[in-house]
$ cat my_file16.cif   # mmCIF, C-alpha atoms
data_start
#
loop_
_atom_site.label_atom_id
_atom_site.label_comp_id
_atom_site.auth_asym_id
_atom_site.auth_seq_id
_atom_site.Cartn_x
_atom_site.Cartn_y
_atom_site.Cartn_z
CA MET S 1 -15.46 19.32 -40.00
CA ILE S 2 -16.55 16.60 -37.55
CA PHE S 3 -14.72 14.01 -39.65
CA LEU S 4 -11.51 16.09 -39.57
CA LYS S 5 -11.77 16.55 -35.81
CA GLU S 6 -12.31 12.81 -35.24
CA THR S 7 -9.40 12.00 -37.55
CA TYR S 8 -7.15 14.41 -35.67
CA PHE S 9 -7.90 12.87 -32.30
CA SER S 10 -7.70 9.34 -33.71
CA ASN S 11 -4.25 10.05 -35.17
CA LYS S 12 -3.15 11.71 -31.95
CA GLN S 13 -4.24 8.65 -30.01
CA LEU S 14 -2.35 6.35 -32.37
CA ILE S 15 0.80 8.42 -31.99
CA LEU S 16 0.57 8.37 -28.18
CA SER S 17 -0.07 4.62 -28.24
CA PHE S 18 2.93 4.14 -30.53
CA LEU S 19 5.17 6.20 -28.24
CA TYR S 20 3.96 4.26 -25.18
CA ASN S 21 4.74 0.90 -26.79
CA ILE S 22 8.14 2.07 -27.97
CA GLY S 23 8.84 3.31 -24.44
CA ILE S 24 7.79 0.01 -22.84
CA ASN S 25 10.06 -1.99 -25.14
CA LEU S 26 12.97 0.35 -24.48
CA THR S 27 12.28 0.02 -20.76
CA GLY S 28 12.60 -3.75 -21.09
CA PHE S 29 16.06 -3.41 -22.63
CA GLY S 30 17.04 -0.80 -20.06
CA LEU S 31 16.02 -2.99 -17.12
CA LYS S 32 18.08 -5.89 -18.46
CA PHE S 33 21.11 -3.60 -18.60
CA LEU S 34 20.52 -2.07 -15.15
CA ALA S 35 20.09 -5.56 -13.69
CA PHE S 36 23.88 -5.95 -13.86
CA PHE S 37 24.24 -3.13 -11.33
CA ASN S 38 21.11 -3.27 -9.18
CA GLU S 39 20.08 -6.36 -7.20
CA LYS S 40 16.42 -5.36 -6.90
CA ILE S 41 16.05 -4.77 -10.64
CA LYS S 42 17.87 -8.05 -11.28
CA LYS S 43 15.29 -9.93 -9.20
CA GLY S 44 12.49 -8.52 -11.30
CA VAL S 45 14.20 -9.31 -14.60
CA VAL S 46 15.08 -12.87 -13.58
CA GLY S 47 11.65 -13.42 -12.02
CA ARG S 48 9.88 -12.53 -15.27
CA ARG S 49 11.88 -14.94 -17.44
CA ASN S 50 9.80 -18.01 -16.63
CA LEU S 51 6.42 -16.50 -15.76
CA PHE S 52 4.67 -17.80 -18.88
CA SER S 53 5.99 -21.33 -18.42
CA ILE S 54 4.88 -21.19 -14.76
CA LEU S 55 1.37 -20.23 -15.84
CA GLU S 56 1.21 -22.85 -18.59
CA LYS S 57 2.42 -25.52 -16.19
CA ASN S 58 -0.14 -24.69 -13.50
CA LEU S 59 -3.21 -23.74 -15.54
CA ASN S 60 -5.26 -25.69 -18.07
CA GLU S 61 -8.18 -24.87 -20.35
CA GLN S 62 -10.77 -26.07 -17.82
CA ASP S 63 -9.55 -23.90 -14.96
CA LYS S 64 -11.63 -20.95 -13.84
CA THR S 65 -9.34 -18.14 -12.70
CA LEU S 66 -9.27 -14.89 -10.78
CA TRP S 67 -6.39 -12.42 -11.15
CA PHE S 68 -5.28 -10.10 -8.36
CA HIS S 69 -2.60 -7.51 -9.14
CA CYS S 70 -0.65 -5.35 -6.68
CA ALA S 71 2.28 -3.05 -7.33
CA SER S 72 4.05 -4.05 -4.13
CA LEU S 73 3.61 -5.17 -0.53
CA GLY S 74 1.58 -2.16 0.60
CA GLU S 75 -1.03 -2.68 -2.10
CA TYR S 76 -1.17 -6.38 -1.28
CA GLU S 77 -1.98 -5.59 2.34
CA GLN S 78 -4.58 -3.13 1.08
CA GLY S 79 -6.28 -5.70 -1.12
CA LEU S 80 -5.90 -8.66 1.24
CA PRO S 81 -9.31 -8.46 2.96
CA VAL S 82 -11.00 -8.55 -0.46
CA PHE S 83 -8.71 -11.35 -1.67
CA LYS S 84 -9.48 -13.45 1.42
CA GLU S 85 -13.22 -13.11 0.96
CA LEU S 86 -13.05 -14.07 -2.72
CA ARG S 87 -10.81 -17.03 -1.86
CA GLU S 88 -13.55 -18.33 0.42
CA LEU S 89 -16.43 -17.47 -1.90
CA TYR S 90 -14.84 -19.14 -4.95
CA PRO S 91 -12.80 -22.09 -3.64
CA ASN S 92 -12.87 -23.87 -7.03
CA HIS S 93 -11.28 -20.98 -8.89
CA LYS S 94 -7.52 -20.82 -9.30
CA ILE S 95 -6.21 -17.46 -8.10
CA VAL S 96 -3.20 -15.82 -9.72
CA LEU S 97 -1.53 -13.04 -7.72
CA SER S 98 0.93 -10.78 -9.52
CA PHE S 99 3.37 -8.13 -8.31
CA PHE S 100 5.38 -5.48 -10.10
CA SER S 101 7.93 -5.00 -7.32
CA PRO S 102 10.39 -7.63 -6.04
CA SER S 103 9.75 -6.46 -2.47
CA GLY S 104 6.11 -7.51 -2.75
CA TYR S 105 6.87 -10.74 -4.58
CA ASP S 106 9.68 -11.86 -2.25
CA ILE S 107 7.64 -11.42 0.92
CA ARG S 108 4.31 -12.79 -0.35
CA LYS S 109 5.34 -15.43 -2.91
CA ASN S 110 3.81 -18.08 -0.63
CA SER S 111 0.59 -16.16 0.03
CA PRO S 112 -2.26 -18.49 1.08
CA VAL S 113 -4.80 -16.42 -0.87
CA ALA S 114 -3.28 -17.44 -4.21
CA ASP S 115 -2.54 -20.66 -6.09
CA ILE S 116 0.11 -19.00 -8.24
CA VAL S 117 2.24 -15.96 -7.39
CA ILE S 118 4.20 -14.30 -10.20
CA TYR S 119 5.63 -11.03 -11.46
CA ILE S 120 3.37 -9.12 -13.82
CA PRO S 121 4.85 -9.25 -17.34
CA LEU S 122 6.26 -6.15 -18.96
CA ASP S 123 3.31 -4.37 -20.58
CA THR S 124 4.10 -4.98 -24.25
CA LYS S 125 1.28 -5.86 -26.65
CA LYS S 126 2.80 -9.29 -27.28
CA ASN S 127 3.10 -10.06 -23.57
CA ALA S 128 -0.43 -8.79 -22.88
CA LYS S 129 -1.98 -11.06 -25.52
CA ARG S 130 -0.07 -14.11 -24.34
CA PHE S 131 -0.66 -13.44 -20.65
CA ILE S 132 -4.42 -12.95 -20.96
CA SER S 133 -4.73 -15.87 -23.39
CA ILE S 134 -3.28 -18.21 -20.76
CA LEU S 135 -5.02 -16.65 -17.78
CA LYS S 136 -8.50 -15.84 -19.13
CA PRO S 137 -9.54 -14.43 -15.74
CA GLU S 138 -13.24 -14.21 -15.00
CA LEU S 139 -12.42 -11.27 -12.77
CA SER S 140 -9.30 -9.12 -12.39
CA ILE S 141 -8.76 -6.85 -9.39
CA PHE S 142 -6.13 -4.11 -9.45
CA VAL S 143 -5.32 -2.34 -6.18
CA LYS S 144 -4.91 1.45 -5.91
CA TYR S 145 -2.86 2.09 -9.05
CA ASP S 146 -0.23 0.38 -11.30
CA ILE S 147 -2.33 0.77 -14.43
CA TRP S 148 -0.96 -1.12 -17.46
CA PRO S 149 -2.75 -0.10 -20.70
CA ASN S 150 -1.97 -3.08 -22.94
CA LEU S 151 -2.94 -5.66 -20.34
CA LEU S 152 -6.14 -3.82 -19.46
CA ASN S 153 -7.07 -3.21 -23.09
CA GLU S 154 -6.60 -6.91 -23.77
CA LEU S 155 -9.00 -7.74 -20.94
CA LYS S 156 -11.53 -5.31 -22.36
CA ALA S 157 -11.15 -6.68 -25.90
CA ARG S 158 -12.03 -10.15 -24.58
CA ASN S 159 -14.96 -8.84 -22.49
CA LEU S 160 -13.27 -9.95 -19.27
CA ARG S 161 -14.25 -8.16 -16.06
CA ALA S 162 -11.80 -5.90 -14.23
CA ILE S 163 -12.21 -3.52 -11.29
CA LEU S 164 -9.90 -1.12 -9.49
CA ILE S 165 -10.18 -0.85 -5.69
CA SER S 166 -8.90 1.64 -3.10
CA ALA S 167 -7.99 4.04 -5.88
CA VAL S 168 -6.70 7.55 -5.21
CA PHE S 169 -6.33 10.15 -7.95
CA ARG S 170 -4.69 13.59 -8.04
CA GLU S 171 -4.91 16.42 -10.59
CA LYS S 172 -1.23 16.16 -11.49
CA GLN S 173 -1.51 12.57 -12.72
CA PRO S 174 -1.28 11.89 -16.48
CA TYR S 175 -4.90 10.67 -16.64
CA PHE S 176 -6.00 14.29 -16.39
CA LYS S 177 -3.39 15.82 -18.73
CA PHE S 178 -3.43 16.31 -22.50
CA TYR S 179 -0.72 13.65 -22.94
CA GLY S 180 -2.50 11.01 -20.85
CA GLN S 181 -4.85 9.53 -23.45
CA GLN S 182 -3.27 6.07 -23.29
CA LEU S 183 -3.71 5.86 -19.54
CA ARG S 184 -7.21 7.36 -19.70
CA ASP S 185 -8.23 4.65 -22.11
CA ALA S 186 -6.84 2.06 -19.71
CA LEU S 187 -9.09 3.38 -16.94
CA PHE S 188 -12.11 2.78 -19.16
CA SER S 189 -11.14 -0.90 -19.27
CA PHE S 190 -12.32 -1.16 -15.66
CA GLU S 191 -16.03 -1.83 -15.41
CA HIS S 192 -16.02 -0.13 -12.01
CA ILE S 193 -13.60 1.87 -9.87
CA PHE S 194 -13.85 2.06 -6.08
CA THR S 195 -12.15 5.21 -4.79
CA GLN S 196 -10.96 6.18 -1.35
CA ASN S 197 -12.44 9.68 -1.47
CA GLU S 198 -14.90 12.03 -3.19
CA HIS S 199 -12.13 14.07 -4.79
CA SER S 200 -10.96 11.03 -6.77
CA LYS S 201 -14.53 10.42 -7.93
CA THR S 202 -14.82 14.04 -9.08
CA LEU S 203 -11.59 13.76 -11.08
CA LEU S 204 -12.81 10.59 -12.79
CA LYS S 205 -16.07 12.27 -13.69
CA SER S 206 -14.10 15.14 -15.24
CA ILE S 207 -12.88 12.67 -17.91
CA ASN S 208 -16.40 11.19 -18.23
CA TYR S 209 -15.69 8.02 -16.27
CA ASN S 210 -18.87 7.54 -14.25
CA ASN S 211 -18.84 3.95 -12.93
CA VAL S 212 -17.42 5.06 -9.59
CA THR S 213 -18.20 4.27 -5.96
CA VAL S 214 -16.58 6.03 -3.01
CA SER S 215 -16.06 3.00 -0.78
CA GLY S 216 -13.12 4.26 1.28
CA ASP S 217 -9.81 2.53 1.89
CA THR S 218 -9.73 -1.26 2.33
CA ARG S 219 -6.70 -0.81 4.61
CA PHE S 220 -9.07 0.09 7.45
CA ASP S 221 -10.70 -3.34 7.14
CA ARG S 222 -7.28 -4.95 6.81
CA VAL S 223 -5.78 -3.43 9.96
CA TYR S 224 -8.98 -3.94 11.96
CA SER S 225 -8.82 -7.65 11.16
CA GLN S 226 -5.48 -7.69 12.99
CA LEU S 227 -7.43 -7.37 16.25
CA GLN S 228 -9.05 -10.76 15.60
CA GLN S 229 -5.67 -12.47 15.25
CA ASP S 230 -3.31 -13.82 17.88
CA ASN S 231 -0.83 -10.97 18.33
CA ASN S 232 1.12 -12.47 21.22
CA LEU S 233 4.89 -12.67 20.88
CA ASN S 234 6.50 -14.25 23.92
CA PHE S 235 9.90 -12.69 23.30
CA ILE S 236 8.34 -9.20 23.23
CA ASP S 237 6.57 -9.96 26.51
CA SER S 238 9.94 -10.88 28.00
CA PHE S 239 11.59 -7.73 26.67
CA LYS S 240 8.82 -5.32 27.64
CA ASP S 241 8.69 -6.67 31.20
CA ASN S 242 5.49 -4.67 31.96
CA LYS S 243 7.24 -1.36 31.29
CA LEU S 244 6.10 1.47 29.03
CA CYS S 245 7.20 0.63 25.48
CA ILE S 246 7.83 2.88 22.48
CA VAL S 247 7.79 1.18 19.08
CA ALA S 248 9.55 2.87 16.16
CA GLY S 249 8.30 1.12 13.03
CA SER S 250 9.66 1.11 9.47
CA THR S 251 12.37 3.60 10.38
CA TRP S 252 14.85 5.29 8.08
CA PRO S 253 18.20 6.86 9.08
CA GLU S 254 16.79 10.38 9.50
CA GLY S 255 14.24 9.11 12.01
CA GLU S 256 16.69 6.76 13.72
CA LYS S 257 18.92 9.77 14.33
CA LEU S 258 16.18 11.39 16.45
CA ILE S 259 15.33 8.15 18.24
CA THR S 260 18.91 7.25 19.17
CA ALA S 261 19.61 10.81 20.34
CA TYR S 262 16.52 10.69 22.55
CA ILE S 263 17.43 7.30 24.01
CA ASN S 264 21.00 8.41 24.73
CA SER S 265 19.82 11.69 26.30
CA PHE S 266 17.14 10.16 28.54
CA LYS S 267 18.85 6.98 29.71
CA ASP S 268 17.28 7.16 33.15
CA LYS S 269 13.67 7.02 31.95
CA ASP S 270 12.15 3.64 32.78
CA VAL S 271 11.05 3.08 29.20
CA LYS S 272 11.72 0.34 26.64
CA PHE S 273 12.27 0.93 22.92
CA ILE S 274 11.65 -1.37 19.98
CA ILE S 275 13.11 -0.23 16.67
CA ALA S 276 12.07 -1.98 13.45
CA PRO S 277 14.16 -0.49 10.60
CA HIS S 278 12.86 -0.50 7.05
CA ASN S 279 16.32 -1.53 5.86
CA ILE S 280 17.55 -4.63 7.70
CA LYS S 281 20.84 -5.09 5.89
CA ASP S 282 23.72 -5.99 8.20
CA ALA S 283 25.57 -2.70 7.70
CA GLN S 284 22.46 -0.66 8.54
CA ILE S 285 21.72 -2.69 11.67
CA LYS S 286 25.35 -2.52 12.82
CA ASN S 287 25.44 1.24 12.32
CA LEU S 288 22.21 1.70 14.30
CA SER S 289 23.39 -0.54 17.16
CA GLU S 290 26.73 1.24 17.48
CA LYS S 291 25.04 4.62 17.94
CA LEU S 292 23.11 3.45 21.00
CA GLU S 293 24.73 3.95 24.42
CA VAL S 294 22.38 1.59 26.27
CA SER S 295 21.87 -2.16 26.48
CA THR S 296 20.65 -3.35 23.08
CA VAL S 297 19.60 -6.73 21.70
CA LEU S 298 18.86 -7.84 18.13
CA TYR S 299 15.99 -10.09 17.13
CA SER S 300 18.52 -12.40 15.47
CA ASN S 301 20.20 -12.87 18.89
CA LYS S 302 17.06 -13.04 21.01
CA ASP S 303 17.35 -16.72 21.89
CA THR S 304 20.69 -16.26 23.66
CA ALA S 305 20.14 -12.76 25.13
CA ASN S 306 18.69 -11.60 28.42
CA LEU S 307 15.75 -9.68 26.94
CA SER S 308 14.35 -8.26 30.17
CA THR S 309 17.55 -6.35 30.98
CA ALA S 310 17.86 -4.72 27.55
CA LYS S 311 16.56 -1.21 26.96
CA VAL S 312 16.41 -1.38 23.15
CA PHE S 313 15.26 -4.25 20.95
CA ILE S 314 16.18 -3.95 17.26
CA ILE S 315 14.02 -6.05 14.94
CA ASP S 316 16.35 -7.19 12.17
CA THR S 317 13.71 -9.30 10.43
CA ILE S 318 10.46 -8.70 8.55
CA GLY S 319 6.84 -9.77 8.87
CA ILE S 320 6.11 -9.23 12.58
CA LEU S 321 5.77 -5.45 12.94
CA SER S 322 1.96 -5.50 12.82
CA LYS S 323 1.97 -7.81 15.88
CA ILE S 324 4.62 -5.75 17.67
CA TYR S 325 2.36 -2.68 17.59
CA ASN S 326 0.12 -4.63 19.98
CA TYR S 327 2.81 -4.02 22.61
CA ALA S 328 3.29 -0.32 21.87
CA ASP S 329 2.26 2.40 24.30
CA ILE S 330 3.51 5.04 21.87
CA ALA S 331 4.55 4.64 18.22
CA TYR S 332 6.82 6.51 15.87
CA ILE S 333 6.18 5.68 12.18
CA GLY S 334 9.05 6.23 9.77
CA GLY S 335 9.28 7.56 6.25
CA ALA S 336 7.97 11.12 6.40
CA LEU S 337 11.09 12.90 7.66
CA GLY S 338 13.05 12.36 4.47
CA ASN S 339 12.22 11.71 0.83
CA THR S 340 10.61 8.33 1.39
CA GLY S 341 6.86 8.09 1.78
CA LEU S 342 5.19 7.72 5.15
CA HIS S 343 4.74 4.10 6.19
CA ASN S 344 1.51 2.56 7.44
CA THR S 345 0.15 4.56 10.40
CA LEU S 346 -3.07 2.54 10.55
CA GLU S 347 -1.28 -0.61 11.72
CA ALA S 348 -0.41 1.19 14.95
CA ALA S 349 -3.59 3.27 15.21
CA VAL S 350 -5.84 0.19 15.41
CA PHE S 351 -4.15 -0.78 18.67
CA SER S 352 -5.17 2.56 20.26
CA VAL S 353 -1.63 3.88 20.16
CA PRO S 354 -0.71 7.60 19.95
CA ILE S 355 1.53 8.20 16.94
CA ILE S 356 4.42 10.49 16.01
CA ILE S 357 5.35 11.03 12.34
CA GLY S 358 7.58 13.29 10.28
CA ASN S 359 6.40 16.44 8.51
CA HIS S 360 6.30 15.23 4.87
CA TYR S 361 2.93 13.52 4.81
CA GLU S 362 1.19 15.62 2.14
CA LYS S 363 0.15 12.66 -0.03
CA PHE S 364 -1.27 10.63 2.85
CA PRO S 365 -4.88 11.58 3.63
CA GLU S 366 -5.05 9.25 6.63
CA ALA S 367 -2.14 11.15 8.22
CA HIS S 368 -3.97 14.45 7.80
CA ALA S 369 -7.09 12.94 9.35
CA LEU S 370 -5.24 11.33 12.28
CA ILE S 371 -3.50 14.60 13.09
CA GLU S 372 -6.77 16.52 12.82
CA SER S 373 -8.48 14.06 15.16
CA GLY S 374 -5.81 14.77 17.79
CA GLY S 375 -4.18 11.39 18.24
CA THR S 376 -1.18 11.81 15.93
CA PHE S 377 1.60 14.41 15.94
CA SER S 378 3.93 15.66 13.22
CA ILE S 379 7.49 16.70 14.04
CA SER S 380 10.35 18.08 11.97
CA ASN S 381 13.32 18.21 14.36
CA GLN S 382 14.84 16.80 17.53
CA ASN S 383 13.34 19.38 19.87
CA GLU S 384 9.79 18.77 18.62
CA PHE S 385 10.31 15.03 18.83
CA ASN S 386 11.58 15.22 22.42
CA LEU S 387 8.76 17.53 23.55
CA ILE S 388 5.86 15.43 22.29
CA LEU S 389 7.45 12.13 23.31
CA ASN S 390 8.10 13.37 26.85
CA LYS S 391 4.53 14.66 27.10
CA LEU S 392 3.11 11.29 25.99
CA ILE S 393 5.38 9.42 28.42
CA ASP S 394 4.74 11.68 31.40
CA GLU S 395 0.99 12.30 30.99
CA SER S 396 -0.79 8.96 31.07
CA ASP S 397 -4.32 10.34 30.54
CA PHE S 398 -3.18 12.38 27.56
CA LYS S 399 -1.50 9.31 26.05
CA THR S 400 -4.62 7.17 26.52
CA ASP S 401 -6.90 9.83 25.03
CA CYS S 402 -4.67 10.20 21.95
CA GLY S 403 -4.60 6.45 21.41
CA SER S 404 -8.39 6.24 21.65
CA LYS S 405 -8.79 8.94 19.01
CA ASN S 406 -6.58 6.99 16.61
CA PHE S 407 -8.59 3.80 17.13
CA GLU S 408 -11.88 5.62 16.60
CA TYR S 409 -10.63 6.98 13.29
CA VAL S 410 -9.88 3.45 12.07
CA ASN S 411 -13.12 2.04 13.41
CA LYS S 412 -15.41 4.61 11.79
CA ASN S 413 -13.77 4.21 8.37
CA ARG S 414 -14.28 0.47 8.01
CA GLY S 415 -16.68 -0.98 5.45
CA ALA S 416 -14.98 -0.72 2.03
CA VAL S 417 -14.73 -4.49 1.69
CA ILE S 418 -18.47 -5.01 2.18
CA GLN S 419 -19.28 -2.47 -0.54
CA ILE S 420 -16.87 -4.08 -3.01
CA LEU S 421 -18.16 -7.61 -2.34
CA ASP S 422 -21.76 -6.46 -2.63
CA TYR S 423 -20.97 -5.17 -6.09
CA LEU S 424 -19.16 -8.27 -7.33
CA ARG S 425 -21.21 -11.02 -8.87
CA ILE S 426 -19.03 -13.46 -10.80
#

$ encode --input "my_file16.cif" --output "structure tokens"
Amino acid sequence: MIFLKETYFSNKQLILSFLYNIGINLTGFGLKFLAFFNEKIKKGVVGRRNLFSILEKNLNEQDKTLWFHCASLGEYEQGLPVFKELRELYPNHKIVLSFFSPSGYDIRKNSPVADIVIYIPLDTKKNAKRFISILKPELSIFVKYDIWPNLLNELKARNLRAILISAVFREKQPYFKFYGQQLRDALFSFEHIFTQNEHSKTLLKSINYNNVTVSGDTRFDRVYSQLQQDNNLNFIDSFKDNKLCIVAGSTWPEGEKLITAYINSFKDKDVKFIIAPHNIKDAQIKNLSEKLEVSTVLYSNKDTANLSTAKVFIIDTIGILSKIYNYADIAYIGGALGNTGLHNTLEAAVFSVPIIIGNHYEKFPEAHALIESGGTFSISNQNEFNLILNKLIDESDFKTDCGSKNFEYVNKNRGAVIQILDYLRI
């Protein structure tokens, strides 16, 4: 009876593995087709063509390597404090940084924490064997999620160390469903998983994965490190001109609609606005500018504009928003009013800034905590947006108290990086 039961589950596992590998190969063909119609997909397809030759050109048999993998830019920022520490601790190792998403790769392809930056290969068995054979990483670090079974199983088969950091799990994920055996097995390729919360640890234990530490979110360490950097931007100083400044970061059209309506309705308020859209394509920026009925300047025109006389500054570039929050008296963070996920609230919170967000933040535990602490406010319409923004503008003590609560939340949740580094012994 035991033999029959083991055979059943073994066959079931083989079938699921077969279906996964068929699906991955079909995905490869599908992406090549879709690349003709989608620029972002095309970047990923083209970027993966030469990744093996790039590795073979830059690595040799004598090299000791570390491998850091991030799905996209957000996960890179999350893992960065750990990456930086390992870069310093192991200066003679070559570090390979991989991304799944073109948005992460494009922005961080020259990252100083890595010697080689590439796209992660499509997770076929053939690619996994070739990739790991070239890389032979002494340690692999995956950030938050983006679990690829064939690559992880290949690491495990070669007894190569891998950990997952800043992980968050939910009941609805395949790991905890009857059809998730392939992904469950991949989790067991990690020698240790560092989770953001106790609930994730409990879920892992429910599938008998016990090498878990609740270390918290490395993003707290990442954003706190921003305070030790030079955050001065002379052109923002000129624009702000010692006036109260509201920064709207990573905005989407649904949020920009509220912001522009507010600006146009309260033209007489002696307040400056900085808007940093998530989408900085020319058409999007033009559309946003044309809706504003006040003096507006673009970052791309800052060198020829009179910044101090402008009321709105639109940031049509990337990479400086974390410094701009240093100038914010109040922040609106985009993403949670529509179908897109909430953007990084912690980048603003660390600068003791009160925050306004949309009402779709269910999957973001830090948003729940910031709201509960009293420094962050959720809105769903124009009236709610106007009411809380006016209160923060008009009541200075209230604004200061809210900002302090946000900073305290960041400050008390630091420490994940220390726990991870204490564990690692290469």

$ resolve_selection --input "my_file16.cif" --expression "the PyMOL selection byres ((chain S and resi 201) around 12)" --output "ChimeraX atom specification"
/S:166-171,192-200,202-216

$ residues_around --input "my_file16.cif" --residues "Lys363 in chain S" --least-positions-apart "5" --cutoff "12 Å" --atoms "all atoms listed in the file" --output "ChimeraX atom specification"
/S:168-170,336,340-343,368-369

$ closest_residue --input "my_file16.cif" --among "S:Cys402, S:Gly358, S:Tyr20, S:Ser396" --to "Tyr179 in chain S" --atoms "all atoms listed in the file"
S:Tyr20

$ resolve_selection --input "my_file16.cif" --expression "the PyMOL selection byres ((chain S and resi 232-241) around 6)" --output "ChimeraX atom specification"
/S:230-231,242-243,307-308

$ closest_residue --input "my_file16.cif" --among "S:Ala248, S:Val297, S:Val82, S:Ile393" --to "Thr218 in chain S" --atoms "only C-alpha atoms"
S:Val82

$ residues_around --input "my_file16.cif" --residues "Pro102 in chain S" --least-positions-apart "6" --cutoff "9 Å" --atoms "all atoms listed in the file" --output "PyMOL selection string"
chain S and resi 40-41+43-44+47+72+119

$ closest_residue --input "my_file16.cif" --among "S:Asp115, S:Asp303, S:Glu362, S:Glu138" --to "Lys64 in chain S" --atoms "only C-alpha atoms"
S:Glu138

$ atom_distance --input "my_file16.cif" --atom1 "CA of Glu77 in chain S" --atom2 "CA of Lys172 in chain S"
25.8 Å

$ resolve_selection --input "my_file16.cif" --expression "the PyMOL selection byres ((chain S and resi 282) around 12)" --output "tab-separated table (two decimals) with C-alpha atoms, keeping the file's coordinate frame"
chain	number	residue	atom	x	y	z
S	277	PRO	CA	14.16	-0.49	10.60
S	279	ASN	CA	16.32	-1.53	5.86
S	280	ILE	CA	17.55	-4.63	7.70
S	281	LYS	CA	20.84	-5.09	5.89
S	283	ALA	CA	25.57	-2.70	7.70
S	284	GLN	CA	22.46	-0.66	8.54
S	285	ILE	CA	21.72	-2.69	11.67
S	286	LYS	CA	25.35	-2.52	12.82
S	287	ASN	CA	25.44	1.24	12.32
S	288	LEU	CA	22.21	1.70	14.30
S	289	SER	CA	23.39	-0.54	17.16
S	298	LEU	CA	18.86	-7.84	18.13
S	300	SER	CA	18.52	-12.40	15.47
S	314	ILE	CA	16.18	-3.95	17.26
S	315	ILE	CA	14.02	-6.05	14.94
S	316	ASP	CA	16.35	-7.19	12.17
S	317	THR	CA	13.71	-9.30	10.43

$ atom_distance --input "my_file16.cif" --atom1 "CA of Val143 in chain S" --atom2 "CA of Tyr76 in chain S"
7.6 Å

$ build_atoms --input "my_file16.cif" --residues "range 339-350 of chain S" --atoms "N, CA, C and O atoms" --output "PDB file, keeping the file's coordinate frame"
ATOM      1  N   ASN S 339      12.865  11.748   2.138  1.00  0.00           N
ATOM      2  CA  ASN S 339      12.220  11.710   0.830  1.00  0.00           C
ATOM      3  C   ASN S 339      11.362  10.480   0.610  1.00  0.00           C
ATOM      4  O   ASN S 339      10.670  10.370  -0.399  1.00  0.00           O
ATOM      5  N   THR S 340      11.427   9.539   1.534  1.00  0.00           N
ATOM      6  CA  THR S 340      10.610   8.330   1.390  1.00  0.00           C
ATOM      7  C   THR S 340       9.211   8.596   1.924  1.00  0.00           C
ATOM      8  O   THR S 340       9.009   9.415   2.812  1.00  0.00           O
ATOM      9  N   GLY S 341       8.246   7.886   1.376  1.00  0.00           N
ATOM     10  CA  GLY S 341       6.860   8.090   1.780  1.00  0.00           C
ATOM     11  C   GLY S 341       6.593   7.569   3.185  1.00  0.00           C
ATOM     12  O   GLY S 341       7.278   6.668   3.687  1.00  0.00           O
ATOM     13  N   LEU S 342       5.591   8.140   3.815  1.00  0.00           N
ATOM     14  CA  LEU S 342       5.190   7.720   5.150  1.00  0.00           C
ATOM     15  C   LEU S 342       4.722   6.273   5.125  1.00  0.00           C
ATOM     16  O   LEU S 342       3.953   5.861   4.260  1.00  0.00           O
ATOM     17  N   HIS S 343       5.173   5.491   6.097  1.00  0.00           N
ATOM     18  CA  HIS S 343       4.740   4.100   6.190  1.00  0.00           C
ATOM     19  C   HIS S 343       3.383   4.017   6.874  1.00  0.00           C
ATOM     20  O   HIS S 343       2.795   5.026   7.255  1.00  0.00           O
ATOM     21  N   ASN S 344       2.897   2.798   7.032  1.00  0.00           N
ATOM     22  CA  ASN S 344       1.510   2.560   7.440  1.00  0.00           C
ATOM     23  C   ASN S 344       1.237   2.982   8.885  1.00  0.00           C
ATOM     24  O   ASN S 344       1.640   2.308   9.825  1.00  0.00           O
ATOM     25  N   THR S 345       0.519   4.086   9.051  1.00  0.00           N
ATOM     26  CA  THR S 345       0.150   4.560  10.400  1.00  0.00           C
ATOM     27  C   THR S 345      -1.025   3.771  10.958  1.00  0.00           C
ATOM     28  O   THR S 345      -1.178   3.665  12.174  1.00  0.00           O
ATOM     29  N   LEU S 346      -1.859   3.210  10.093  1.00  0.00           N
ATOM     30  CA  LEU S 346      -3.070   2.540  10.550  1.00  0.00           C
ATOM     31  C   LEU S 346      -2.775   1.262  11.320  1.00  0.00           C
ATOM     32  O   LEU S 346      -3.540   0.858  12.197  1.00  0.00           O
ATOM     33  N   GLU S 347      -1.653   0.617  11.004  1.00  0.00           N
ATOM     34  CA  GLU S 347      -1.280  -0.610  11.720  1.00  0.00           C
ATOM     35  C   GLU S 347      -1.090  -0.350  13.208  1.00  0.00           C
ATOM     36  O   GLU S 347      -1.384  -1.210  14.037  1.00  0.00           O
ATOM     37  N   ALA S 348      -0.579   0.828  13.537  1.00  0.00           N
ATOM     38  CA  ALA S 348      -0.410   1.190  14.950  1.00  0.00           C
ATOM     39  C   ALA S 348      -1.699   1.771  15.522  1.00  0.00           C
ATOM     40  O   ALA S 348      -2.077   1.480  16.658  1.00  0.00           O
ATOM     41  N   ALA S 349      -2.390   2.576  14.723  1.00  0.00           N
ATOM     42  CA  ALA S 349      -3.590   3.270  15.210  1.00  0.00           C
ATOM     43  C   ALA S 349      -4.663   2.298  15.685  1.00  0.00           C
ATOM     44  O   ALA S 349      -5.375   2.571  16.663  1.00  0.00           O
ATOM     45  N   VAL S 350      -4.788   1.144  15.040  1.00  0.00           N
ATOM     46  CA  VAL S 350      -5.840   0.190  15.410  1.00  0.00           C
ATOM     47  C   VAL S 350      -5.647  -0.377  16.808  1.00  0.00           C
ATOM     48  O   VAL S 350      -6.595  -0.837  17.443  1.00  0.00           O
TER      49      VAL S 350
END
